[in-house]
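Chemist: Coordinates in structure-v8.json, JSON, C-alpha atoms, are listed below.
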[["chain", "number", "residue", "atom", "x", "y", "z"],
["G", 17, "MET", "CA", 1.61, -35.40, -46.87],
["G", 18, "PHE", "CA", 4.79, -34.16, -45.20],
["G", 19, "THR", "CA", 6.41, -30.94, -46.36],
["G", 20, "PHE", "CA", 10.09, -30.01, -46.53],
["G", 21, "GLY", "CA", 10.95, -33.68, -46.89],
["G", 22, "MET", "CA", 10.04, -34.53, -43.29],
["G", 23, "SER", "CA", 9.74, -38.14, -42.30],
["G", 24, "ARG", "CA", 6.71, -39.29, -40.35],
["G", 25, "LEU", "CA", 8.74, -39.63, -37.15],
["G", 26, "GLU", "CA", 10.13, -36.11, -37.55],
["G", 27, "PHE", "CA", 6.65, -34.70, -38.10],
["G", 28, "ILE", "CA", 5.29, -36.50, -35.02],
["G", 29, "TRP", "CA", 8.22, -35.23, -32.91],
["G", 30, "ILE", "CA", 7.65, -31.61, -33.98],
["G", 31, "ARG", "CA", 3.89, -31.89, -33.44],
["G", 32, "ARG", "CA", 4.44, -33.20, -29.92],
["G", 33, "CYS", "CA", 6.86, -30.35, -29.17],
["G", 34, "VAL", "CA", 4.31, -27.83, -30.39],
["G", 35, "LEU", "CA", 1.55, -29.35, -28.25],
["G", 36, "VAL", "CA", 3.76, -29.41, -25.15],
["G", 37, "ILE", "CA", 4.74, -25.75, -25.62],
["G", 38, "VAL", "CA", 1.14, -24.58, -26.21],
["G", 39, "ILE", "CA", -0.26, -26.56, -23.26],
["G", 40, "SER", "CA", 2.52, -25.32, -20.98],
["G", 41, "LEU", "CA", 1.97, -21.71, -21.97],
["G", 42, "LEU", "CA", -1.80, -21.90, -21.60],
["G", 43, "GLY", "CA", -1.56, -23.74, -18.31],
["G", 44, "GLY", "CA", 0.99, -21.30, -16.94],
["G", 45, "SER", "CA", -0.76, -18.20, -18.24],
["G", 46, "CYS", "CA", -4.31, -18.77, -17.05],
["G", 47, "VAL", "CA", -4.88, -17.41, -13.56],
["G", 48, "SER", "CA", -7.81, -18.75, -11.58],
["G", 49, "ASN", "CA", -10.43, -16.26, -10.39],
["G", 50, "LYS", "CA", -9.83, -17.60, -6.89],
["G", 51, "ARG", "CA", -6.42, -15.92, -6.98],
["G", 52, "ILE", "CA", -7.80, -12.64, -8.35],
["G", 53, "ASN", "CA", -11.16, -11.84, -6.74],
["G", 54, "TYR", "CA", -11.28, -9.90, -3.50],
["G", 55, "LEU", "CA", -13.26, -10.86, -0.38],
["G", 56, "GLN", "CA", -14.26, -14.44, -1.14],
["G", 57, "ASN", "CA", -15.72, -16.95, 1.30],
["G", 58, "LEU", "CA", -12.75, -19.29, 1.33],
["G", 59, "SER", "CA", -13.21, -22.94, 2.18],
["G", 60, "GLY", "CA", -12.54, -23.76, 5.82],
["G", 61, "ASN", "CA", -13.60, -20.31, 7.04],
["G", 62, "PRO", "CA", -17.00, -19.32, 8.49],
["G", 63, "VAL", "CA", -19.23, -18.04, 5.69],
["G", 64, "ILE", "CA", -19.99, -14.32, 5.74],
["G", 65, "GLU", "CA", -23.23, -13.69, 3.85],
["G", 66, "LEU", "CA", -24.15, -10.54, 1.97],
["G", 67, "ASP", "CA", -25.74, -7.87, 4.21],
["G", 68, "GLU", "CA", -24.38, -9.65, 7.28],
["G", 69, "PHE", "CA", -23.07, -7.27, 9.97],
["G", 70, "ILE", "CA", -19.32, -7.64, 10.48],
["G", 71, "PRO", "CA", -17.99, -6.05, 13.71],
["G", 72, "TYR", "CA", -14.52, -4.53, 13.66],
["G", 73, "ALA", "CA", -11.76, -6.48, 15.35],
["G", 74, "ASN", "CA", -10.69, -5.42, 18.82],
["G", 75, "VAL", "CA", -7.23, -3.89, 18.51],
["G", 76, "ASP", "CA", -5.30, -3.39, 21.72],
["G", 77, "TYR", "CA", -2.54, -1.41, 20.05],
["G", 78, "GLU", "CA", -2.98, 2.33, 19.61],
["G", 79, "TYR", "CA", -0.57, 4.20, 17.39],
["G", 80, "VAL", "CA", 2.07, 6.17, 19.28],
["G", 81, "LEU", "CA", 4.10, 9.03, 17.87],
["G", 82, "GLN", "CA", 7.55, 8.20, 16.60],
["G", 83, "PRO", "CA", 10.65, 10.17, 15.59],
["G", 84, "TYR", "CA", 10.23, 11.93, 12.23],
["G", 85, "ASP", "CA", 6.42, 11.85, 12.43],
["G", 86, "ILE", "CA", 4.67, 15.03, 11.29],
["G", 87, "ILE", "CA", 1.79, 16.26, 13.42],
["G", 88, "ASP", "CA", -0.74, 19.04, 12.95],
["G", 89, "ILE", "CA", -1.25, 21.31, 15.98],
["G", 90, "ASP", "CA", -3.93, 24.01, 16.27],
["G", 91, "PHE", "CA", -4.44, 26.39, 19.19],
["G", 92, "ALA", "CA", -7.75, 28.02, 20.14],
["G", 93, "SER", "CA", -8.00, 31.00, 22.51],
["G", 94, "PRO", "CA", -9.75, 34.40, 22.69],
["G", 95, "ASN", "CA", -6.27, 35.98, 22.68],
["G", 96, "GLU", "CA", -5.42, 35.40, 19.02],
["G", 97, "GLU", "CA", -2.56, 37.90, 19.05],
["G", 98, "LEU", "CA", -0.73, 35.98, 21.73],
["G", 99, "LEU", "CA", -1.37, 32.68, 19.98],
["G", 100, "ARG", "CA", 0.57, 33.87, 16.93],
["G", 101, "ALA", "CA", 3.72, 33.84, 19.02],
["G", 102, "PHE", "CA", 3.44, 30.04, 19.20],
["G", 103, "GLU", "CA", 3.18, 29.46, 15.45],
["G", 104, "TYR", "CA", 5.80, 29.61, 12.76],
["G", 105, "GLN", "CA", 5.38, 32.37, 10.21],
["G", 106, "GLY", "CA", 3.46, 31.20, 7.16],
["G", 107, "ALA", "CA", 2.39, 27.90, 8.74],
["G", 108, "SER", "CA", -1.22, 28.95, 9.24],
["G", 109, "ASN", "CA", -1.42, 30.32, 5.69],
["G", 110, "ALA", "CA", -0.03, 27.08, 4.29],
["G", 111, "ARG", "CA", -2.51, 25.13, 6.40],
["G", 112, "VAL", "CA", -5.53, 27.08, 5.12],
["G", 113, "GLY", "CA", -4.44, 27.43, 1.50],
["G", 114, "GLY", "CA", -2.90, 24.05, 0.96],
["G", 115, "ARG", "CA", -5.56, 21.63, 2.10],
["G", 116, "GLY", "CA", -8.32, 22.75, -0.19],
["G", 117, "GLY", "CA", -10.66, 20.11, 1.16],
["G", 118, "ALA", "CA", -8.68, 17.29, -0.40],
["G", 119, "GLY", "CA", -9.29, 13.84, 1.03],
["G", 120, "ALA", "CA", -6.07, 12.24, -0.14],
["G", 121, "MET", "CA", -2.76, 13.04, -1.70],
["G", 122, "GLY", "CA", -0.79, 10.78, -4.00],
["G", 123, "GLY", "CA", 2.48, 11.96, -5.44],
["G", 124, "GLY", "CA", 1.63, 15.63, -5.05],
["G", 125, "MET", "CA", 2.72, 18.15, -2.43],
["G", 126, "ASP", "CA", 2.37, 17.09, 1.18],
["G", 127, "VAL", "CA", 0.93, 20.21, 2.81],
["G", 128, "PHE", "CA", 1.61, 18.95, 6.32],
["G", 129, "TYR", "CA", 5.33, 18.87, 5.56],
["G", 130, "PHE", "CA", 5.17, 22.68, 5.35],
["G", 131, "SER", "CA", 2.47, 23.51, 7.90],
["G", 132, "GLY", "CA", 2.93, 20.76, 10.48],
["G", 133, "TYR", "CA", 5.36, 20.15, 13.31],
["G", 134, "SER", "CA", 7.98, 17.45, 12.80],
["G", 135, "LEU", "CA", 9.38, 15.26, 15.54],
["G", 136, "ASP", "CA", 13.17, 15.11, 15.44],
["G", 137, "LYS", "CA", 15.31, 11.97, 15.66],
["G", 138, "ASP", "CA", 15.01, 11.96, 19.45],
["G", 139, "GLY", "CA", 11.21, 12.34, 19.39],
["G", 140, "PHE", "CA", 11.06, 16.03, 20.39],
["G", 141, "VAL", "CA", 8.84, 18.60, 18.69],
["G", 142, "ARG", "CA", 9.96, 22.21, 18.70],
["G", 143, "ILE", "CA", 7.25, 24.85, 19.19],
["G", 144, "PRO", "CA", 8.06, 28.57, 19.30],
["G", 145, "LYS", "CA", 8.26, 29.91, 22.88],
["G", 146, "LEU", "CA", 7.65, 26.43, 24.29],
["G", 147, "GLY", "CA", 10.94, 24.93, 23.13],
["G", 148, "ASN", "CA", 11.46, 21.20, 22.69],
["G", 149, "ILE", "CA", 8.66, 18.97, 23.97],
["G", 150, "PRO", "CA", 9.13, 15.16, 24.08],
["G", 151, "LEU", "CA", 6.20, 13.50, 22.30],
["G", 152, "ALA", "CA", 7.59, 10.21, 20.94],
["G", 153, "GLY", "CA", 5.98, 7.20, 22.60],
["G", 154, "LEU", "CA", 2.75, 9.09, 23.32],
["G", 155, "THR", "CA", -0.63, 8.56, 21.71],
["G", 156, "GLU", "CA", -2.29, 11.48, 19.94],
["G", 157, "GLU", "CA", -4.44, 12.24, 23.00],
["G", 158, "GLN", "CA", -1.50, 12.03, 25.39],
["G", 159, "ALA", "CA", 0.55, 14.30, 23.13],
["G", 160, "ARG", "CA", -2.34, 16.79, 22.92],
["G", 161, "GLN", "CA", -2.58, 16.94, 26.70],
["G", 162, "LYS", "CA", 1.20, 17.41, 26.97],
["G", 163, "VAL", "CA", 1.25, 20.37, 24.57],
["G", 164, "GLU", "CA", -1.85, 21.88, 26.17],
["G", 165, "GLU", "CA", -0.21, 21.66, 29.58],
["G", 166, "GLU", "CA", 2.92, 23.41, 28.32],
["G", 167, "ILE", "CA", 1.18, 26.26, 26.52],
["G", 168, "ASN", "CA", -1.25, 26.99, 29.34],
["G", 169, "ARG", "CA", 1.64, 28.07, 31.51],
["G", 170, "PHE", "CA", 1.68, 31.27, 29.41],
["G", 171, "PHE", "CA", -2.06, 32.08, 29.50],
["G", 172, "LYS", "CA", -4.49, 33.20, 32.15],
["G", 173, "GLU", "CA", -7.36, 31.79, 30.10],
["G", 174, "GLU", "CA", -7.18, 28.15, 29.13],
["G", 175, "VAL", "CA", -6.01, 27.37, 25.60],
["G", 176, "ASP", "CA", -7.53, 24.44, 23.75],
["G", 177, "VAL", "CA", -5.15, 22.37, 21.69],
["G", 178, "ARG", "CA", -6.00, 20.10, 18.77],
["G", 179, "LEU", "CA", -3.25, 17.67, 17.83],
["G", 180, "ARG", "CA", -3.39, 14.95, 15.23],
["G", 181, "ILE", "CA", -1.17, 13.07, 12.84],
["G", 182, "GLY", "CA", -0.82, 14.89, 9.52],
["G", 183, "GLY", "CA", -2.69, 12.26, 7.55],
["G", 184, "ILE", "CA", -1.95, 8.54, 7.23],
["G", 185, "ARG", "CA", 1.33, 8.00, 5.41],
["G", 186, "PHE", "CA", 2.05, 4.60, 3.89],
["G", 187, "THR", "CA", 4.40, 3.18, 1.29],
["G", 188, "ALA", "CA", 3.29, 0.76, -1.45],
["G", 189, "LEU", "CA", 5.85, -1.56, -3.05],
["G", 190, "GLY", "CA", 5.64, -4.40, -5.55],
["G", 191, "GLU", "CA", 2.73, -5.17, -7.86],
["G", 192, "PHE", "CA", 0.88, -1.86, -7.65],
["G", 193, "THR", "CA", 0.01, 0.42, -10.56],
["G", 194, "SER", "CA", 1.45, 3.41, -8.71],
["G", 195, "ALA", "CA", 4.00, 2.38, -6.11],
["G", 196, "GLY", "CA", 5.53, 4.92, -3.76],
["G", 197, "THR", "CA", 4.77, 6.88, -0.61],
["G", 198, "LYS", "CA", 1.16, 8.08, -0.28],
["G", 199, "VAL", "CA", -0.77, 10.27, 2.15],
["G", 200, "ILE", "CA", -4.44, 9.76, 3.02],
["G", 201, "LEU", "CA", -5.90, 12.84, 4.70],
["G", 202, "LYS", "CA", -8.21, 10.90, 6.97],
["G", 203, "ASN", "CA", -8.20, 9.87, 10.62],
["G", 204, "ARG", "CA", -8.95, 6.29, 9.61],
["G", 205, "ALA", "CA", -8.42, 4.43, 6.34],
["G", 206, "THR", "CA", -9.00, 0.81, 5.30],
["G", 207, "ILE", "CA", -6.58, -1.41, 3.44],
["G", 208, "PHE", "CA", -8.76, -0.92, 0.35],
["G", 209, "ASP", "CA", -8.42, 2.86, 0.63],
["G", 210, "ALA", "CA", -4.67, 2.31, 0.48],
["G", 211, "LEU", "CA", -4.91, -0.13, -2.44],
["G", 212, "ALA", "CA", -7.11, 2.27, -4.40],
["G", 213, "MET", "CA", -4.63, 5.10, -3.89],
["G", 214, "ALA", "CA", -1.62, 2.96, -4.83],
["G", 215, "GLY", "CA", -3.40, 1.72, -7.95],
["G", 216, "GLU", "CA", -5.23, -1.60, -7.89],
["G", 217, "SER", "CA", -2.85, -4.54, -8.08],
["G", 218, "ASN", "CA", -2.46, -6.16, -11.47],
["G", 219, "ILE", "CA", -3.39, -9.72, -12.39],
["G", 220, "LEU", "CA", 0.07, -11.03, -11.50],
["G", 221, "ALA", "CA", -0.08, -9.99, -7.85],
["G", 222, "LYS", "CA", -0.27, -12.55, -5.06],
["G", 223, "LYS", "CA", -3.36, -11.11, -3.43],
["G", 224, "ASN", "CA", -3.24, -13.84, -0.82],
["G", 225, "GLU", "CA", 0.20, -12.68, 0.33],
["G", 226, "LEU", "CA", 0.12, -8.97, 1.02],
["G", 227, "PHE", "CA", 2.80, -8.12, 3.57],
["G", 228, "ILE", "CA", 2.23, -5.25, 5.99],
["G", 229, "ILE", "CA", 5.39, -3.97, 7.62],
["G", 230, "ARG", "CA", 4.07, -2.11, 10.66],
["G", 231, "GLN", "CA", 5.93, 0.20, 13.03],
["G", 232, "TYR", "CA", 5.47, -0.30, 16.75],
["G", 233, "ASP", "CA", 6.91, 1.52, 19.72],
["G", 234, "GLY", "CA", 10.56, 0.50, 19.63],
["G", 235, "GLY", "CA", 10.40, -1.92, 16.70],
["G", 236, "THR", "CA", 8.76, -3.41, 13.62],
["G", 237, "LYS", "CA", 6.62, -6.45, 12.79],
["G", 238, "ILE", "CA", 5.79, -8.10, 9.45],
["G", 239, "HIS", "CA", 2.20, -9.26, 9.06],
["G", 240, "GLN", "CA", 0.65, -11.16, 6.14],
["G", 241, "ILE", "CA", -2.97, -10.76, 5.03],
["G", 242, "ASN", "CA", -5.10, -12.37, 2.33],
["G", 243, "LEU", "CA", -7.06, -9.94, 0.14],
["G", 244, "ASN", "CA", -9.02, -12.87, -1.30],
["G", 245, "ASP", "CA", -10.47, -13.69, 2.11],
["G", 246, "ARG", "CA", -13.72, -12.05, 3.28],
["G", 247, "GLN", "CA", -12.57, -12.61, 6.87],
["G", 248, "LEU", "CA", -10.18, -9.69, 6.29],
["G", 249, "LEU", "CA", -13.08, -7.36, 7.13],
["G", 250, "ALA", "CA", -12.95, -8.62, 10.72],
["G", 251, "SER", "CA", -9.15, -8.59, 10.87],
["G", 252, "PRO", "CA", -7.09, -6.20, 13.02],
["G", 253, "PHE", "CA", -5.24, -5.31, 9.80],
["G", 254, "TYR", "CA", -8.33, -4.11, 7.94],
["G", 255, "PHE", "CA", -7.31, -0.54, 8.79],
["G", 256, "VAL", "CA", -3.92, 0.80, 7.75],
["G", 257, "GLN", "CA", -1.82, 2.80, 10.17],
["G", 258, "ASN", "CA", 0.64, 5.61, 9.80],
["G", 259, "ASN", "CA", 4.03, 4.52, 8.39],
["G", 260, "ASP", "CA", 2.74, 1.14, 7.18],
["G", 261, "ILE", "CA", 4.65, -0.43, 4.29],
["G", 262, "LEU", "CA", 2.57, -2.59, 1.93],
["G", 263, "TYR", "CA", 4.44, -5.10, -0.20],
["G", 264, "LEU", "CA", 2.59, -7.15, -2.80],
["G", 265, "GLN", "CA", 4.55, -10.02, -4.37],
["G", 266, "PRO", "CA", 4.29, -11.15, -8.02],
["G", 267, "MET", "CA", 3.17, -14.63, -9.00],
["G", 268, "GLN", "CA", 5.74, -17.04, -10.42],
["G", 269, "ILE", "CA", 3.81, -16.90, -13.71],
["G", 270, "ARG", "CA", 5.92, -13.82, -14.52],
["G", 271, "GLN", "CA", 8.74, -16.23, -15.34],
["G", 272, "VAL", "CA", 6.88, -17.24, -18.54],
["G", 273, "GLY", "CA", 6.98, -14.15, -20.74],
["G", 274, "SER", "CA", 4.87, -11.27, -19.54],
["G", 275, "GLY", "CA", 1.95, -13.65, -19.00],
["G", 276, "ASP", "CA", -0.61, -10.89, -18.57],
["G", 277, "ASN", "CA", -3.10, -12.69, -20.82],
["G", 278, "VAL", "CA", -3.51, -15.68, -23.09],
["G", 279, "SER", "CA", -2.93, -13.65, -26.24],
["G", 280, "THR", "CA", 0.50, -12.55, -25.08],
["G", 281, "SER", "CA", 1.47, -16.09, -24.14],
["G", 282, "LEU", "CA", 0.27, -17.47, -27.48],
["G", 283, "GLN", "CA", 2.38, -14.91, -29.31],
["G", 284, "LEU", "CA", 5.35, -16.06, -27.25],
["G", 285, "GLY", "CA", 4.55, -19.69, -28.06],
["G", 286, "ILE", "CA", 4.29, -19.02, -31.79],
["G", 287, "SER", "CA", 7.66, -17.29, -31.71],
["G", 288, "ILE", "CA", 9.23, -20.28, -29.95],
["G", 289, "ILE", "CA", 7.65, -22.74, -32.41],
["G", 290, "THR", "CA", 8.83, -20.69, -35.39],
["G", 291, "ALA", "CA", 12.35, -20.60, -33.97],
["G", 292, "LEU", "CA", 12.33, -24.39, -33.44],
["G", 293, "LEU", "CA", 11.14, -25.03, -36.99],
["G", 294, "PHE", "CA", 13.79, -22.69, -38.38],
["G", 295, "ILE", "CA", 16.54, -24.41, -36.40],
["G", 296, "TYR", "CA", 15.28, -27.79, -37.54],
["G", 297, "GLY", "CA", 15.22, -26.65, -41.16],
["G", 298, "VAL", "CA", 18.78, -25.31, -41.01],
["G", 299, "THR", "CA", 20.25, -28.35, -39.27],
["G", 300, "SER", "CA", 18.46, -30.83, -41.56],
["G", 301, "GLY", "CA", 19.43, -28.97, -44.75],
["G", 302, "ILE", "CA", 15.88, -28.05, -45.73],
["G", 303, "PHE", "CA", 16.73, -24.32, -45.92]]
If you took the structure in this file and wrote it as structure tokens, what would it be?
Modeler:
Amino acid sequence: MFTFGMSRLEFIWIRRCVLVIVISLLGGSCVSNKRINYLQNLSGNPVIELDEFIPYANVDYEYVLQPYDIIDIDFASPNEELLRAFEYQGASNARVGGRGGAGAMGGGMDVFYFSGYSLDKDGFVRIPKLGNIPLAGLTEEQARQKVEEEINRFFKEEVDVRLRIGGIRFTALGEFTSAGTKVILKNRATIFDALAMAGESNILAKKNELFIIRQYDGGTKIHQINLNDRQLLASPFYFVQNNDILYLQPMQIRQVGSGDNVSTSLQLGISIITALLFIYGVTSGIF
């Protein structure tokens, strides 16, 4: 019954080792759907039914411009010739030719880097003829009014100014298919817009522990959100903000092989079992 001259006790010992290894691998490799699926009604939270209206969370904080931000500024006036004196050469051409109606930019060229106005380390933006204007610490609307006030000192007719952040820039780190710095050319983007651009997280990601490192006026805060929770839709962190850093941690399952699926783990288990049998055969003189 027993091959290679094994005794019954030796066979039972090896069989138990094999069972322990297989059970451990299967138990450590299988990931529950509760840890994978987005937007679930988690126990303990109010149930949000399908087709139920979910109001956005009230957010007191409004993004303020910070050093090194890039903003897009457009001027509108009947005197187009005079307006050209307030723009850098080639900026308007880059603005028209580079956007091309794109809604988002991944690892490609950031057109606003070439056509926009960058705040320096002290929070000043330099505009031809107007010089350095302090904009850090101001909201978009406050900054627009500031620039409009400065430029209208040169015109008899009022000049309209449009000022906005050059897209929403965020950085994705950790368990994303395409980590790195991304730009969404929208005025508002959800956390799922950001996840889609960074590449949907793989099966090993801790979707219940997504860290958002958010920049505030004068400092930074770390927030944690749960992508599994449907309550996220009513969270103040449902929308990403400029300069957000998203960090998605891996599960501890990564410690057992690659663990992406059962097949991979079984292959690992078979290799371990084969190695154990070989070592046993050598030490016992079978081979």
Chemist: Looking at G:Gly190, G:Gly235, G:Pro266, G:Pro150, which one is nearest to G:Ile219, with distances taken over all atoms listed in the file?
Modeler: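 Comparing G:Gly190, G:Gly235, G:Pro266, G:Pro150 against G:Ile219, the winner is G:Pro266.
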Chemist: Give me the residues within 8 Å of G:Val175 as a VMD selection string, counting all atoms listed in the file and dropping any in the same chain fewer than 6 places off.
Modeler: chain G and resid 91 to 93 164 167 to 168
Chemist: Of the residues G:Val75, G:Ala250, G:Val256, G:Ile86, which is the one nearest to G:Gln231, using only C-alpha atoms?
Modeler: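 Among the listed residues, the smallest separation from G:Gln231 belongs to G:Val256.
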Chemist: So how many Å separate atom CA of G:Leu243 and atom CA of G:Lys223, to one decimal?
Modeler: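 That distance, rounded to one decimal, is 5.3 Å.
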Chemist: Using atom CA of G:Tyr79 and atom CA of G:Ala195 as the two end points, give the distance in Å to one decimal.
Modeler: 24.0 Å
Chemist: What is the distance, in Å and to one decimal place, between atom CA of G:Gln265 and atom CA of G:Ile184?
Modeler: 22.8 Å
Chemist: Quick one: residues within 6 Å of stretch 53-59 of chain G, all atoms listed in the file, excluding same-chain residues fewer than 5 positions away - as number ranges by chain?
Modeler: G: 243-246
Chemist: Restricting it to C-alpha atoms, dump the selection as a compact mmCIF listing (two decimals), in the coordinates of the input.
Modeler:
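Just written: result30.txt:
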# COMPACT_ATOMS: atom_id res chain seq x y z
CA LEU G 243 -7.06 -9.94 0.14
CA ASN G 244 -9.02 -12.87 -1.30
CA ASP G 245 -10.47 -13.69 2.11
CA ARG G 246 -13.72 -12.05 3.28
Chemist: Choose the residue, out of G:Leu81, G:Ser131, G:Glu173, G:Arg178, that has the smallest atom-to-atom separation from G:Gln161; count only C-alpha atoms.
Modeler: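 Of G:Leu81, G:Ser131, G:Glu173, G:Arg178, the one nearest G:Gln161 is G:Arg178, counting only C-alpha atoms.
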Chemist: Could you pull the residues within 8 Å of G:Ala210, counting only C-alpha atoms, minus those fewer than 3 positions along the same chain, as a list in words?
Modeler: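 These residues fall inside the cut-off: Phe186, Ile200, Ala205, Thr206, Ile207, Met213, Ala214 and Val256 of chain G.
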Chemist: Using only C-alpha atoms, which residues sit within 9 Å of G:Ser217 once same-chain residues fewer than 4 positions away are excluded, as a PyMOL selection string?
Modeler: chain G and resi 190-193+211-212+221-223+264
Chemist: Rank G:Leu179, G:Ile143, G:Asn224, G:Gln240 by their smallest atom-to-atom distance to G:Lys50, using only C-alpha atoms, and report the top residue only.
Modeler: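 When distances to G:Lys50 are compared using only C-alpha atoms, the smallest one comes from G:Asn224.
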Chemist: What's the 8 Å shell around G:Phe128, counting only C-alpha atoms, without same-chain residues fewer than 4 positions away, as a list of chain:residue names?
Modeler: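 My list of contacting residues is G:Ile86, G:Ile87, G:Asp88, G:Arg111, G:Gly132, G:Gly182.
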Chemist: Smallest atom-to-atom distance to G:Leu189: which of G:Val80, G:Ile228, G:Leu135, G:Leu249, using all atoms listed in the file?
Modeler: G:Ile228
Chemist: Which protein, DNA or RNA residues have an atom at most 6 Å from (4.8, 19.8, 21.7), counting only C-alpha atoms? List them as a PyMOL selection string.
Modeler: chain G and resi 141+149+163
Chemist: Ranking G:Asn258, G:Gln158, G:Thr187, G:Asn148 by minimum distance to G:Leu201 and counting only C-alpha atoms, which one comes first?
Modeler: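 Closest candidate: G:Asn258.
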